[in-house]
Structure formats: structure tokens, C-alpha cells
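File shown here: protein.cif, holding mmCIF, C-alpha atoms.
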data_query
loop_
_atom_site.label_atom_id
_atom_site.label_comp_id
_atom_site.auth_asym_id
_atom_site.auth_seq_id
_atom_site.Cartn_x
_atom_site.Cartn_y
_atom_site.Cartn_z
CA MET A 1 96.80 79.45 93.12
CA SER A 2 95.65 80.99 96.41
CA ALA A 3 92.19 82.53 96.69
CA ILE A 4 93.68 86.01 97.08
CA GLU A 5 95.91 85.55 94.04
CA ALA A 6 92.89 84.33 92.08
CA LYS A 7 91.02 87.48 93.11
CA LEU A 8 93.98 89.63 91.99
CA ALA A 9 93.96 87.84 88.62
CA GLU A 10 90.20 88.35 88.31
CA LEU A 11 90.75 92.07 88.90
CA GLY A 12 93.54 92.13 86.29
CA ILE A 13 96.18 92.99 88.91
CA THR A 14 99.73 91.67 88.57
CA LEU A 15 101.94 92.03 91.62
CA PRO A 16 105.27 93.67 90.78
CA SER A 17 108.63 92.59 92.13
CA PRO A 18 108.80 94.07 95.64
CA ALA A 19 110.89 97.22 95.93
CA ALA A 20 114.16 96.93 97.85
CA PRO A 21 114.70 99.26 100.82
CA VAL A 22 116.61 102.44 100.00
CA ALA A 23 117.91 103.11 103.54
CA ASN A 24 118.57 101.33 106.85
CA TYR A 25 115.30 99.42 107.27
CA VAL A 26 113.69 96.17 106.17
CA PRO A 27 110.67 95.95 103.83
CA TYR A 28 108.63 93.96 106.36
CA VAL A 29 108.71 92.49 109.86
CA ILE A 30 106.82 89.47 111.14
CA THR A 31 106.27 89.39 114.89
CA GLY A 32 103.85 86.95 116.43
CA LYS A 33 100.70 87.02 114.32
CA LEU A 34 101.45 90.43 112.78
CA LEU A 35 103.03 91.32 109.46
CA VAL A 36 104.11 94.97 109.28
CA ILE A 37 104.93 96.34 105.83
CA SER A 38 107.18 99.40 105.52
CA GLY A 39 105.87 102.34 103.52
CA GLN A 40 105.49 101.59 99.82
CA LEU A 41 105.59 104.19 97.08
CA CYS A 42 103.41 104.29 93.97
CA PHE A 43 105.80 102.44 91.66
CA GLY A 44 104.31 100.82 88.57
CA LEU A 45 104.91 97.28 87.33
CA ASP A 46 108.16 98.47 85.77
CA GLY A 47 109.45 99.50 89.21
CA LYS A 48 109.43 103.17 88.22
CA LEU A 49 107.53 106.19 89.43
CA SER A 50 105.37 107.65 86.65
CA ASP A 51 105.46 111.41 86.12
CA SER A 52 101.69 111.36 86.67
CA HIS A 53 102.31 110.15 90.26
CA LYS A 54 104.99 112.69 91.15
CA GLY A 55 104.39 115.96 92.92
CA LYS A 56 101.94 117.50 95.31
CA LEU A 57 98.20 116.95 95.42
CA GLY A 58 96.55 120.28 94.81
CA ALA A 59 99.47 121.56 92.71
CA GLU A 60 101.04 119.28 90.07
CA ILE A 61 98.52 116.44 90.37
CA PHE A 62 94.87 116.10 91.30
CA ASN A 63 92.38 113.60 92.65
CA GLU A 64 92.22 110.93 89.92
CA ALA A 65 96.02 110.55 89.70
CA GLY A 66 96.29 110.65 93.51
CA ILE A 67 93.72 107.88 93.95
CA GLU A 68 95.54 105.83 91.30
CA ALA A 69 98.85 106.44 93.14
CA ALA A 70 97.35 105.21 96.43
CA ARG A 71 96.03 102.11 94.66
CA LEU A 72 99.52 101.39 93.27
CA CYS A 73 100.95 101.76 96.78
CA ALA A 74 98.47 99.15 98.04
CA ILE A 75 99.44 96.79 95.21
CA ASN A 76 103.08 97.22 96.25
CA VAL A 77 102.09 96.51 99.87
CA LEU A 78 100.57 93.22 98.70
CA ALA A 79 103.73 92.43 96.71
CA GLN A 80 105.76 92.82 99.93
CA ALA A 81 103.22 90.66 101.80
CA LYS A 82 103.62 87.95 99.15
CA ALA A 83 107.42 88.12 99.54
CA ALA A 84 107.09 87.88 103.32
CA LEU A 85 104.50 85.10 103.48
CA GLY A 86 104.84 83.14 100.26
CA ASP A 87 101.05 82.60 100.32
CA LEU A 88 98.75 85.62 100.57
CA ASP A 89 96.02 83.36 101.96
CA ARG A 90 97.95 83.51 105.26
CA ILE A 91 96.49 87.02 105.66
CA THR A 92 93.55 86.77 108.05
CA ARG A 93 92.91 90.51 108.33
CA CYS A 94 94.18 93.87 107.16
CA VAL A 95 94.47 95.54 110.56
CA ARG A 96 95.68 99.01 109.58
CA LEU A 97 96.78 101.18 106.67
CA GLY A 98 98.76 104.36 107.10
CA GLY A 99 98.74 106.85 104.26
CA PHE A 100 101.07 109.76 103.61
CA ILE A 101 99.91 112.21 100.96
CA ASN A 102 102.37 114.69 99.43
CA ALA A 103 100.03 117.67 99.46
CA MET A 104 99.77 121.43 99.39
CA PRO A 105 98.82 122.89 102.80
CA HIS A 106 95.35 123.87 101.54
CA PHE A 107 94.54 120.45 100.00
CA ALA A 108 91.56 119.05 101.93
CA GLY A 109 90.93 115.87 99.90
CA LEU A 110 93.32 113.56 101.78
CA PRO A 111 90.70 110.92 102.79
CA ALA A 112 89.45 110.53 99.21
CA ILE A 113 92.99 110.00 97.93
CA MET A 114 93.70 107.34 100.56
CA ASN A 115 90.51 105.55 99.54
CA GLY A 116 92.47 104.35 96.50
CA ALA A 117 94.44 102.07 98.85
CA SER A 118 91.56 101.26 101.19
CA ASP A 119 89.19 100.34 98.36
CA LEU A 120 91.80 98.04 96.84
CA MET A 121 92.26 96.14 100.12
CA VAL A 122 88.52 95.57 100.38
CA GLU A 123 88.27 94.58 96.68
CA VAL A 124 91.03 92.01 97.08
CA LEU A 125 90.46 90.73 100.64
CA GLY A 126 86.70 91.25 101.03
CA ASP A 127 85.64 91.80 104.65
CA LYS A 128 89.15 90.78 105.79
CA GLY A 129 90.33 93.94 104.02
CA ARG A 130 88.35 96.37 106.22
CA HIS A 131 90.87 98.18 108.38
CA ALA A 132 91.67 101.04 110.71
CA ARG A 133 93.64 103.82 109.07
CA SER A 134 95.42 107.12 109.39
CA THR A 135 95.86 109.58 106.55
CA ILE A 136 98.39 112.37 106.89
CA GLY A 137 99.31 115.22 104.56
CA VAL A 138 103.06 115.71 104.34
CA ALA A 139 105.39 118.32 102.85
CA GLU A 140 107.50 115.83 100.87
CA LEU A 141 107.90 112.11 100.11
CA PRO A 142 110.87 110.15 98.73
CA ALA A 143 111.38 110.55 94.96
CA ASP A 144 108.67 113.25 95.00
CA ALA A 145 106.05 110.47 95.10
CA ALA A 146 102.46 111.62 95.51
CA VAL A 147 101.54 108.88 98.02
CA GLU A 148 103.16 106.36 100.38
CA VAL A 149 101.22 103.60 102.19
CA GLU A 150 102.27 101.34 105.06
CA ALA A 151 100.29 98.37 106.38
CA MET A 152 99.75 95.93 109.21
CA PHE A 153 98.17 92.51 108.68
CA GLU A 154 97.12 89.74 111.03
CA ILE A 155 98.45 86.43 109.69
CA ALA A 156 97.96 82.72 110.28
#

Serialized structure, C-alpha cells:
Amino acid sequence: MSAIEAKLAELGITLPSPAAPVANYVPYVITGKLLVISGQLCFGLDGKLSDSHKGKLGAEIFNEAGIEAARLCAINVLAQAKAALGDLDRITRCVRLGGFINAMPHFAGLPAIMNGASDLMVEVLGDKGRHARSTIGVAELPADAAVEVEAMFEIA
């Protein structure tokens, strides 16, 4: 078992089966020493979107569920990375996370929601998980998901 997979197990995290693309794109691209993961929604282990992770932040759902949704997105990012690399220990650095938050125009808590994904990367990867990031509030996401997260990793 790789060190990263051992850390996931220690944290009680099981990686789900990676979600298949729903349009004309691929789930990941490897170019040179970079692995780019397409945006991942907050699907649970069962591959479904929970009602508690659907809707807009500041309307149907609030901070705790939003943070949990961002964390699930990050777990799904790692599931795609595992599919791409075979061995998560090939990750040498999380370079960037991009977060899209389905939010009401007045919702100002976007950074705190995205911390659900950022905190998970640091929990799992340690210092290699510290990353640059963008967090953007959007009017809508696929399947009415609360959060979507994309990622870029440096790999060996």
C-alpha cells in the first residue's frame, strides 16, 4: 500500500470509483510532469449526489454541508488521480485547486466552503498538499451540485 493510500485509510477515507465524463472531455490529462483533473462533483461513495449537497449556498444549504461537499469533491479528485497514475505516491505536489461554489449572489463565505477541499489535500498529502487556488461563486453547477473542484498535480 502506498504512503498516501495508508494515510487515506488512517483517515477512514475510501476512494470511490471515479466518475465517468458526462460530455465531450476526459477526466484527466497527463502532460509532462503535470496531472490535470477535470472538475469533480460532490458524489458520495455510492456515486450519487446527496440531497444535502444539492442547491445553492446561502439558500438551500449552508456552511457545514458546503464544506462537506467540497471535501467529497477533493476525494473524487484523488480517485481520478489514482485512476490516472495507478500509485498516488507519484504525486509530488498539489499545485492548484479550482473551486466552483453554487451560491446565492449575496453569499460571502466562498473561501470557507473551499477549505473543505484544501484542508483534505493537506490532511492527505501533508506539505505536498499545500497549493495555489481559485474559488469562484457560480449561478449553477451540473446536477445542481453545491460544489465542483478541479486540480493540478506535479507528478514523478

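When all atoms listed in the file are used to measure the gap to Leu120 of chain A, the shortest distance among A:Asn102, A:Ser38, A:Asn76, A:Asn24 belongs to A:Asn76.
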
- Could you check which of A:Leu35, A:Ala132, A:Ala59, A:Ile13 is closest to Leu85 of chain A, using all atoms listed in the file? A:Leu35

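When the PyMOL selection byres ((chain A and resi 43) around 9) is run on the displayed coordinates, the residues it returns are Pro16, Ala19, Gln40, Leu41, Cys42, Gly44, Leu45, Asp46, Gly47, Lys48, Leu49, Ser50, His53, Ala69, Leu72, Cys73, Asn76 and Ala145 of chain A.
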
- Give me the residues within 6 Å of Ala151 of chain A as a PyMOL selection string, counting all atoms listed in the file and dropping any in the same chain fewer than 6 places off. chain A and resi 36-37+96-97

- Note on the structure: Pro21 of chain A proximity check over A:Arg90, A:Glu140, A:Gly39, A:Ala146, using only C-alpha atoms: winner is A:Gly39

- Message: Using the chain letters and numbers from this file, what does the PyMOL selection byres ((chain A and resi 93) around 6) select? Give the answer as a PyMOL selection string.
- Response: chain A and resi 91-92+94-95+128+153-154

- Query: Which residues come within 6 Å of Val147 of chain A, counting all atoms listed in the file, excluding same-chain residues fewer than 6 positions away, as a PyMOL selection string?
  - Reply: chain A and resi 70+100-101

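With only C-alpha atoms as the atoms that count, the residue of A:Leu57, A:Leu88, A:Ala81, A:Val29 with the shortest distance to Met114 of chain A is A:Leu57.
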
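Compared by their closest atoms to Ile61 of chain A, and using only C-alpha atoms, the residues A:Ala79, A:Met1, A:Asp144, A:Leu8 rank with A:Asp144 nearest.
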
- Message: Assuming the chain letters and numbering stay as they are in my file, what does the PyMOL selection byres ((chain A and resi 110) around 8) actually select? List them as a PyMOL selection string.
- Response: chain A and resi 101+107-109+111-114+135-137

Go ahead and write the selection's residues with C-alpha atoms as a PDB file, in the coordinates of the input.
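Contents of the output file selection.pdb:
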ATOM      1  CA  ILE A 101      99.910 112.210 100.960  1.00  0.00           C
ATOM      2  CA  PHE A 107      94.540 120.450 100.000  1.00  0.00           C
ATOM      3  CA  ALA A 108      91.560 119.050 101.930  1.00  0.00           C
ATOM      4  CA  GLY A 109      90.930 115.870  99.900  1.00  0.00           C
ATOM      5  CA  PRO A 111      90.700 110.920 102.790  1.00  0.00           C
ATOM      6  CA  ALA A 112      89.450 110.530  99.210  1.00  0.00           C
ATOM      7  CA  ILE A 113      92.990 110.000  97.930  1.00  0.00           C
ATOM      8  CA  MET A 114      93.700 107.340 100.560  1.00  0.00           C
ATOM      9  CA  THR A 135      95.860 109.580 106.550  1.00  0.00           C
ATOM     10  CA  ILE A 136      98.390 112.370 106.890  1.00  0.00           C
ATOM     11  CA  GLY A 137      99.310 115.220 104.560  1.00  0.00           C
TER      12      GLY A 137
END

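For the atom pair formed by atom CA of Met104 of chain A and atom CA of Val77 of chain A, the distance is 25.0 Å, given to one decimal.
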
Padding 4 Å on each side, edges along x, y and z: where is the centre of the box around the listed atoms of segment 67-73 of chain A, and how long are its edges in Å to one decimal? Output it as lines of an AutoDock Vina configuration file.
center_x = 97.3
center_y = 104.6
center_z = 94.0
size_x = 15.2
size_y = 14.5
size_z = 13.5

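From atom CA of Lys54 of chain A back to atom CA of Pro105 of chain A, the distance works out to 16.7 Å.
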
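With atom CA of Gly55 of chain A on one side and atom CA of Glu148 of chain A on the other, the separation reads 12.2 Å.
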
- Within 12 Å of Leu11 of chain A using only C-alpha atoms, minus same-chain residues under 5 positions, as JSON, numbers by chain: {"A": [4, 5, 6, 75, 120, 123, 124, 125]}
